[in-house]
>>> print(open('query-v2.pdb').read())   # PDB, C-alpha atoms, pLDDT in the B column
MODEL        1
ATOM      1  CA  MET A   1     196.027 -23.795   3.115  1.00 58.00           C
ATOM      2  CA  SER A   2     196.139 -21.587  -0.010  1.00 63.00           C
ATOM      3  CA  ASP A   3     197.043 -17.930  -0.228  1.00 62.00           C
ATOM      4  CA  ARG A   4     194.336 -15.443  -1.269  1.00 60.00           C
ATOM      5  CA  GLY A   5     196.722 -13.597  -3.536  1.00 64.00           C
ATOM      6  CA  MET A   6     196.238  -9.970  -4.481  1.00 63.00           C
ATOM      7  CA  LYS A   7     192.537  -9.328  -3.885  1.00 60.00           C
ATOM      8  CA  LYS A   8     191.190  -5.825  -3.696  1.00 59.00           C
ATOM      9  CA  TRP A   9     189.416  -5.130  -0.450  1.00 57.00           C
ATOM     10  CA  ALA A  10     186.475  -2.722  -0.582  1.00 55.00           C
ATOM     11  CA  PRO A  11     185.103  -2.496   2.956  1.00 59.00           C
ATOM     12  CA  TYR A  12     182.518   0.235   2.378  1.00 52.00           C
ATOM     13  CA  LYS A  13     181.187  -0.659  -1.042  1.00 54.00           C
ATOM     14  CA  SER A  14     180.657  -4.365  -0.719  1.00 60.00           C
ATOM     15  CA  LEU A  15     176.895  -3.998  -1.182  1.00 65.00           C
ATOM     16  CA  GLU A  16     175.118  -1.686  -3.623  1.00 67.00           C
ATOM     17  CA  GLN A  17     172.663  -0.616  -0.917  1.00 70.00           C
ATOM     18  CA  GLN A  18     175.580   0.468   1.235  1.00 74.00           C
ATOM     19  CA  ALA A  19     177.062   2.525  -1.600  1.00 76.00           C
ATOM     20  CA  GLU A  20     173.798   4.438  -2.089  1.00 80.00           C
ATOM     21  CA  SER A  21     173.314   5.165   1.601  1.00 79.00           C
ATOM     22  CA  LEU A  22     176.964   6.207   2.015  1.00 76.00           C
ATOM     23  CA  GLN A  23     176.655   8.604  -0.932  1.00 78.00           C
ATOM     24  CA  LYS A  24     173.504  10.112   0.626  1.00 78.00           C
ATOM     25  CA  ALA A  25     175.340  10.520   3.943  1.00 77.00           C
ATOM     26  CA  ARG A  26     178.252  12.284   2.212  1.00 76.00           C
ATOM     27  CA  ASN A  27     175.877  14.582   0.336  1.00 71.00           C
ATOM     28  CA  SER A  28     173.947  15.468   3.491  1.00 72.00           C
ATOM     29  CA  LYS A  29     177.167  16.751   5.085  1.00 73.00           C
ATOM     30  CA  ILE A  30     177.666  19.167   2.174  1.00 72.00           C
ATOM     31  CA  LYS A  31     174.158  20.689   2.357  1.00 78.00           C
ATOM     32  CA  VAL A  32     173.978  24.397   3.112  1.00 83.00           C
ATOM     33  CA  GLU A  33     171.046  26.595   4.045  1.00 89.00           C
ATOM     34  CA  LYS A  34     169.972  29.223   1.525  1.00 90.00           C
ATOM     35  CA  PRO A  35     171.553  32.603   2.306  1.00 91.00           C
ATOM     36  CA  THR A  36     169.171  35.498   2.807  1.00 93.00           C
ATOM     37  CA  ILE A  37     169.812  38.835   1.176  1.00 94.00           C
ATOM     38  CA  SER A  38     168.979  42.291   2.437  1.00 94.00           C
ATOM     39  CA  ASN A  39     167.026  44.897   0.491  1.00 95.00           C
ATOM     40  CA  GLU A  40     170.271  46.779  -0.148  1.00 96.00           C
ATOM     41  CA  VAL A  41     171.916  43.739  -1.755  1.00 95.00           C
ATOM     42  CA  ALA A  42     168.788  43.104  -3.839  1.00 95.00           C
ATOM     43  CA  GLU A  43     168.916  46.720  -5.051  1.00 96.00           C
ATOM     44  CA  GLU A  44     172.627  46.363  -5.930  1.00 96.00           C
ATOM     45  CA  ILE A  45     171.884  43.218  -7.960  1.00 95.00           C
ATOM     46  CA  ASN A  46     169.020  45.004  -9.705  1.00 95.00           C
ATOM     47  CA  GLU A  47     171.241  48.012 -10.478  1.00 96.00           C
ATOM     48  CA  ILE A  48     173.918  45.787 -12.033  1.00 95.00           C
ATOM     49  CA  LEU A  49     171.328  44.000 -14.186  1.00 95.00           C
ATOM     50  CA  VAL A  50     169.658  47.241 -15.301  1.00 95.00           C
ATOM     51  CA  ASN A  51     173.020  48.682 -16.406  1.00 94.00           C
ATOM     52  CA  TYR A  52     174.363  45.426 -17.892  1.00 94.00           C
ATOM     53  CA  HIS A  53     176.111  45.707 -21.277  1.00 93.00           C
ATOM     54  CA  GLY A  54     177.831  42.367 -21.926  1.00 91.00           C
ATOM     55  CA  GLN A  55     180.679  42.582 -19.419  1.00 94.00           C
ATOM     56  CA  PRO A  56     181.649  39.491 -17.364  1.00 95.00           C
ATOM     57  CA  LEU A  57     180.147  39.235 -13.891  1.00 96.00           C
ATOM     58  CA  ALA A  58     181.002  37.259 -10.762  1.00 96.00           C
ATOM     59  CA  VAL A  59     177.935  35.507  -9.392  1.00 96.00           C
ATOM     60  CA  LYS A  60     177.208  33.399  -6.340  1.00 96.00           C
ATOM     61  CA  TYR A  61     173.988  31.427  -6.320  1.00 96.00           C
ATOM     62  CA  TYR A  62     172.247  28.723  -4.327  1.00 95.00           C
ATOM     63  CA  ARG A  63     170.909  25.590  -6.033  1.00 93.00           C
ATOM     64  CA  ASN A  64     170.162  22.076  -4.773  1.00 89.00           C
ATOM     65  CA  GLU A  65     171.320  22.905  -1.243  1.00 87.00           C
ATOM     66  CA  LYS A  66     174.783  23.952  -2.487  1.00 89.00           C
ATOM     67  CA  ILE A  67     176.456  27.285  -3.189  1.00 91.00           C
ATOM     68  CA  PHE A  68     178.046  27.883  -6.576  1.00 93.00           C
ATOM     69  CA  ALA A  69     180.394  30.711  -7.571  1.00 95.00           C
ATOM     70  CA  GLU A  70     181.455  31.441 -11.127  1.00 95.00           C
ATOM     71  CA  GLU A  71     182.129  34.079 -13.752  1.00 96.00           C
ATOM     72  CA  ILE A  72     179.321  34.512 -16.264  1.00 95.00           C
ATOM     73  CA  VAL A  73     178.339  36.492 -19.342  1.00 95.00           C
ATOM     74  CA  ILE A  74     174.619  37.049 -19.731  1.00 95.00           C
ATOM     75  CA  LYS A  75     173.024  36.498 -23.132  1.00 95.00           C
ATOM     76  CA  LYS A  76     169.483  37.482 -22.124  1.00 94.00           C
ATOM     77  CA  ILE A  77     167.599  38.616 -19.036  1.00 94.00           C
ATOM     78  CA  ASP A  78     164.225  36.840 -19.174  1.00 95.00           C
ATOM     79  CA  ILE A  79     161.865  38.913 -17.036  1.00 93.00           C
ATOM     80  CA  TYR A  80     158.865  36.644 -17.677  1.00 96.00           C
ATOM     81  CA  GLU A  81     160.512  33.476 -16.379  1.00 96.00           C
ATOM     82  CA  LYS A  82     162.679  35.488 -13.931  1.00 95.00           C
ATOM     83  CA  LYS A  83     166.015  34.032 -14.986  1.00 96.00           C
ATOM     84  CA  LEU A  84     169.325  34.915 -16.583  1.00 95.00           C
ATOM     85  CA  VAL A  85     170.139  33.034 -19.785  1.00 96.00           C
ATOM     86  CA  LEU A  86     173.901  32.651 -20.119  1.00 95.00           C
ATOM     87  CA  THR A  87     176.006  32.474 -23.276  1.00 92.00           C
ATOM     88  CA  ASP A  88     176.608  28.745 -22.764  1.00 92.00           C
ATOM     89  CA  ARG A  89     172.814  28.055 -22.803  1.00 91.00           C
ATOM     90  CA  ARG A  90     172.579  27.537 -19.059  1.00 94.00           C
ATOM     91  CA  SER A  91     170.305  29.630 -16.916  1.00 96.00           C
ATOM     92  CA  ILE A  92     170.221  30.924 -13.357  1.00 96.00           C
ATOM     93  CA  LYS A  93     166.955  31.869 -11.697  1.00 96.00           C
ATOM     94  CA  LEU A  94     166.928  35.329 -10.170  1.00 95.00           C
ATOM     95  CA  ASN A  95     165.730  34.009  -6.793  1.00 96.00           C
ATOM     96  CA  GLU A  96     168.832  31.756  -6.609  1.00 95.00           C
ATOM     97  CA  ILE A  97     171.291  34.671  -6.817  1.00 96.00           C
ATOM     98  CA  PHE A  98     172.548  36.125  -3.552  1.00 96.00           C
ATOM     99  CA  GLU A  99     175.662  37.974  -4.803  1.00 96.00           C
ATOM    100  CA  LEU A 100     176.435  39.613  -8.138  1.00 96.00           C
ATOM    101  CA  LYS A 101     179.459  41.819  -8.881  1.00 95.00           C
ATOM    102  CA  ASN A 102     181.144  43.407 -11.862  1.00 94.00           C
ATOM    103  CA  ILE A 103     184.591  42.025 -12.618  1.00 91.00           C
ATOM    104  CA  ASP A 104     186.993  44.957 -12.845  1.00 74.00           C
TER     105      ASP A 104
ENDMDL
END
>>> encode(input="query-v2.pdb", output="structure tokens")
Amino acid sequence: MSDRGMKKWAPYKSLEQQAESLQKARNSKIKVEKPTISNEVAEEINEILVNYHGQPLAVKYYRNEKIFAEEIVIKKIDIYEKKLVLTDRRSIKLNEIFELKNID
């Protein structure tokens, strides 16, 4: 009888179909419901955007069933497409934002 030697054992990724379904299962555990905002919070966000003059902001937004939090600098507020264009060419839609604060 011969020895198998040093073989790597991959119990969960032995089939490609298994890998895809396992990744979907992991992603479904991370999913979060979209937070709702009150009229007061919406007014605070609007006030910050109206008085914006290039200072960094802390933003929390909801996209693809996940919550993201980061510091941003806005290049342009596009009122026609209802989004914020950031200095790094990314954009955040206004309906995705649920928290926006000035960084002091």
>>> atom_distance(input="query-v2.pdb", atom1="CA of Val32 in chain A", atom2="CA of Lys66 in chain A")
5.7 Å
>>> atom_distance(input="query-v2.pdb", atom1="CA of Phe98 in chain A", atom2="CA of Tyr61 in chain A")
5.6 Å
>>> resolve_selection(input="query-v2.pdb", expression="the PyMOL selection byres ((chain A and resi 94) around 10)", output="JSON, numbers by chain")
{"A": [45, 46, 61, 77, 78, 79, 81, 82, 83, 84, 91, 92, 93, 95, 96, 97, 98]}
>>> resolve_selection(input="query-v2.pdb", expression="the PyMOL selection byres ((chain A and resi 31) around 10)", output="JSON, numbers by chain")
{"A": [26, 27, 28, 29, 30, 32, 33, 34, 64, 65, 66, 67]}
>>> closest_residue(input="query-v2.pdb", among="A:Arg63, A:Lys24, A:Lys76, A:Arg89", to="Leu49 in chain A", atoms="all atoms listed in the file")
A:Lys76
>>> axis_aligned_box(input="query-v2.pdb", around="range 81-89 of chain A", padding_each_side="3 Å", output="JSON")
{"center_x": 168.6, "center_y": 31.8, "center_z": -18.6, "size_x": 22.1, "size_y": 13.4, "size_z": 15.3}
>>> residues_around(input="query-v2.pdb", residues="Gln55 in chain A", least_positions_apart="3", cutoff="12 Å", atoms="only C-alpha atoms", output="PyMOL selection string")
chain A and resi 48-49+51-52+58+71-75+87+101-104
>>> atom_distance(input="query-v2.pdb", atom1="CA of Glu70 in chain A", atom2="CA of Leu86 in chain A")
11.8 Å
>>> closest_residue(input="query-v2.pdb", among="A:Arg90, A:Ser38, A:Gln18, A:Ala69", to="Leu57 in chain A", atoms="only C-alpha atoms")
A:Ala69
>>> decode(input="query-v2.pdb", residues="range 23-64 of chain A", atoms="N, CA and C atoms", output="mmCIF file, in the first residue's frame")
data_model
loop_
_atom_site.group_PDB
_atom_site.id
_atom_site.type_symbol
_atom_site.label_atom_id
_atom_site.label_comp_id
_atom_site.auth_asym_id
_atom_site.auth_seq_id
_atom_site.Cartn_x
_atom_site.Cartn_y
_atom_site.Cartn_z
ATOM 1 N N GLN A 23 -20.576 30.555 -1.698
ATOM 2 C CA GLN A 23 -20.362 31.997 -1.726
ATOM 3 C C GLN A 23 -21.692 32.739 -1.609
ATOM 4 N N LYS A 24 -22.727 32.251 -2.286
ATOM 5 C CA LYS A 24 -24.059 32.856 -2.194
ATOM 6 C C LYS A 24 -24.595 32.752 -0.771
ATOM 7 N N ALA A 25 -24.362 31.619 -0.117
ATOM 8 C CA ALA A 25 -24.827 31.436 1.260
ATOM 9 C C ALA A 25 -24.110 32.398 2.206
ATOM 10 N N ARG A 26 -22.796 32.583 2.003
ATOM 11 C CA ARG A 26 -22.047 33.531 2.833
ATOM 12 C C ARG A 26 -22.543 34.956 2.616
ATOM 13 N N ASN A 27 -22.793 35.310 1.366
ATOM 14 C CA ASN A 27 -23.265 36.663 1.057
ATOM 15 C C ASN A 27 -24.656 36.913 1.609
ATOM 16 N N SER A 28 -25.505 35.902 1.631
ATOM 17 C CA SER A 28 -26.868 36.094 2.132
ATOM 18 C C SER A 28 -26.875 36.354 3.644
ATOM 19 N N LYS A 29 -25.872 35.879 4.347
ATOM 20 C CA LYS A 29 -25.773 36.136 5.786
ATOM 21 C C LYS A 29 -25.407 37.588 6.063
ATOM 22 N N ILE A 30 -24.714 38.232 5.126
ATOM 23 C CA ILE A 30 -24.241 39.597 5.305
ATOM 24 C C ILE A 30 -25.337 40.613 4.973
ATOM 25 N N LYS A 31 -26.345 40.236 4.217
ATOM 26 C CA LYS A 31 -27.366 41.167 3.747
ATOM 27 C C LYS A 31 -28.056 41.894 4.895
ATOM 28 N N VAL A 32 -28.310 43.181 4.660
ATOM 29 C CA VAL A 32 -28.922 44.048 5.653
ATOM 30 C C VAL A 32 -30.094 44.768 4.993
ATOM 31 N N GLU A 33 -31.138 45.026 5.760
ATOM 32 C CA GLU A 33 -32.251 45.789 5.226
ATOM 33 C C GLU A 33 -31.879 47.264 5.166
ATOM 34 N N LYS A 34 -32.473 47.977 4.209
ATOM 35 C CA LYS A 34 -32.188 49.395 4.042
ATOM 36 C C LYS A 34 -32.739 50.181 5.231
ATOM 37 N N PRO A 35 -31.886 50.986 5.869
ATOM 38 C CA PRO A 35 -32.360 51.811 6.986
ATOM 39 C C PRO A 35 -33.305 52.905 6.487
ATOM 40 N N THR A 36 -34.295 53.219 7.285
ATOM 41 C CA THR A 36 -35.194 54.316 6.943
ATOM 42 C C THR A 36 -34.743 55.559 7.692
ATOM 43 N N ILE A 37 -34.975 56.704 7.086
ATOM 44 C CA ILE A 37 -34.578 57.947 7.741
ATOM 45 C C ILE A 37 -35.824 58.792 8.004
ATOM 46 N N SER A 38 -35.754 59.552 9.069
ATOM 47 C CA SER A 38 -36.867 60.427 9.428
ATOM 48 C C SER A 38 -36.764 61.734 8.632
ATOM 49 N N ASN A 39 -37.817 62.520 8.690
ATOM 50 C CA ASN A 39 -37.807 63.819 8.015
ATOM 51 C C ASN A 39 -36.734 64.732 8.588
ATOM 52 N N GLU A 40 -36.498 64.631 9.899
ATOM 53 C CA GLU A 40 -35.478 65.460 10.540
ATOM 54 C C GLU A 40 -34.084 65.136 10.012
ATOM 55 N N VAL A 41 -33.789 63.850 9.859
ATOM 56 C CA VAL A 41 -32.480 63.433 9.346
ATOM 57 C C VAL A 41 -32.341 63.880 7.896
ATOM 58 N N ALA A 42 -33.406 63.739 7.111
ATOM 59 C CA ALA A 42 -33.373 64.182 5.716
ATOM 60 C C ALA A 42 -33.109 65.683 5.631
ATOM 61 N N GLU A 43 -33.699 66.460 6.526
ATOM 62 C CA GLU A 43 -33.471 67.903 6.556
ATOM 63 C C GLU A 43 -32.036 68.228 6.952
ATOM 64 N N GLU A 44 -31.462 67.465 7.897
ATOM 65 C CA GLU A 44 -30.068 67.665 8.300
ATOM 66 C C GLU A 44 -29.120 67.391 7.128
ATOM 67 N N ILE A 45 -29.381 66.313 6.395
ATOM 68 C CA ILE A 45 -28.565 65.978 5.225
ATOM 69 C C ILE A 45 -28.667 67.091 4.195
ATOM 70 N N ASN A 46 -29.880 67.564 3.949
ATOM 71 C CA ASN A 46 -30.096 68.646 2.995
ATOM 72 C C ASN A 46 -29.361 69.907 3.424
ATOM 73 N N GLU A 47 -29.412 70.236 4.703
ATOM 74 C CA GLU A 47 -28.742 71.428 5.232
ATOM 75 C C GLU A 47 -27.229 71.340 5.029
ATOM 76 N N ILE A 48 -26.668 70.180 5.274
ATOM 77 C CA ILE A 48 -25.215 69.988 5.091
ATOM 78 C C ILE A 48 -24.852 70.171 3.614
ATOM 79 N N LEU A 49 -25.660 69.615 2.723
ATOM 80 C CA LEU A 49 -25.367 69.716 1.291
ATOM 81 C C LEU A 49 -25.547 71.135 0.771
ATOM 82 N N VAL A 50 -26.543 71.852 1.274
ATOM 83 C CA VAL A 50 -26.769 73.235 0.851
ATOM 84 C C VAL A 50 -25.600 74.122 1.262
ATOM 85 N N ASN A 51 -25.050 73.895 2.451
ATOM 86 C CA ASN A 51 -23.954 74.704 2.975
ATOM 87 C C ASN A 51 -22.580 74.098 2.734
ATOM 88 N N TYR A 52 -22.459 73.155 1.803
ATOM 89 C CA TYR A 52 -21.198 72.459 1.567
ATOM 90 C C TYR A 52 -20.199 73.355 0.831
ATOM 91 N N HIS A 53 -18.942 73.365 1.333
ATOM 92 C CA HIS A 53 -17.891 74.172 0.718
ATOM 93 C C HIS A 53 -16.563 73.425 0.635
ATOM 94 N N GLY A 54 -16.578 72.162 0.283
ATOM 95 C CA GLY A 54 -15.346 71.415 0.047
ATOM 96 C C GLY A 54 -14.732 70.729 1.246
ATOM 97 N N GLN A 55 -15.363 70.785 2.392
ATOM 98 C CA GLN A 55 -14.811 70.122 3.580
ATOM 99 C C GLN A 55 -15.110 68.613 3.527
ATOM 100 N N PRO A 56 -14.277 67.791 4.180
ATOM 101 C CA PRO A 56 -14.547 66.347 4.210
ATOM 102 C C PRO A 56 -15.787 66.037 5.043
ATOM 103 N N LEU A 57 -16.512 65.020 4.606
ATOM 104 C CA LEU A 57 -17.731 64.590 5.287
ATOM 105 C C LEU A 57 -17.648 63.104 5.605
ATOM 106 N N ALA A 58 -18.345 62.697 6.659
ATOM 107 C CA ALA A 58 -18.500 61.278 6.980
ATOM 108 C C ALA A 58 -19.874 60.863 6.478
ATOM 109 N N VAL A 59 -19.911 59.825 5.676
ATOM 110 C CA VAL A 59 -21.176 59.382 5.085
ATOM 111 C C VAL A 59 -21.385 57.903 5.357
ATOM 112 N N LYS A 60 -22.635 57.540 5.577
ATOM 113 C CA LYS A 60 -23.044 56.141 5.633
ATOM 114 C C LYS A 60 -24.134 55.973 4.592
ATOM 115 N N TYR A 61 -23.964 54.946 3.753
ATOM 116 C CA TYR A 61 -24.951 54.720 2.701
ATOM 117 C C TYR A 61 -25.185 53.234 2.497
ATOM 118 N N TYR A 62 -26.322 52.941 1.881
ATOM 119 C CA TYR A 62 -26.773 51.570 1.670
ATOM 120 C C TYR A 62 -26.729 51.273 0.177
ATOM 121 N N ARG A 63 -26.008 50.198 -0.189
ATOM 122 C CA ARG A 63 -25.917 49.792 -1.590
ATOM 123 C C ARG A 63 -25.725 48.279 -1.659
ATOM 124 N N ASN A 64 -26.446 47.648 -2.535
ATOM 125 C CA ASN A 64 -26.339 46.195 -2.764
ATOM 126 C C ASN A 64 -26.514 45.394 -1.481
#
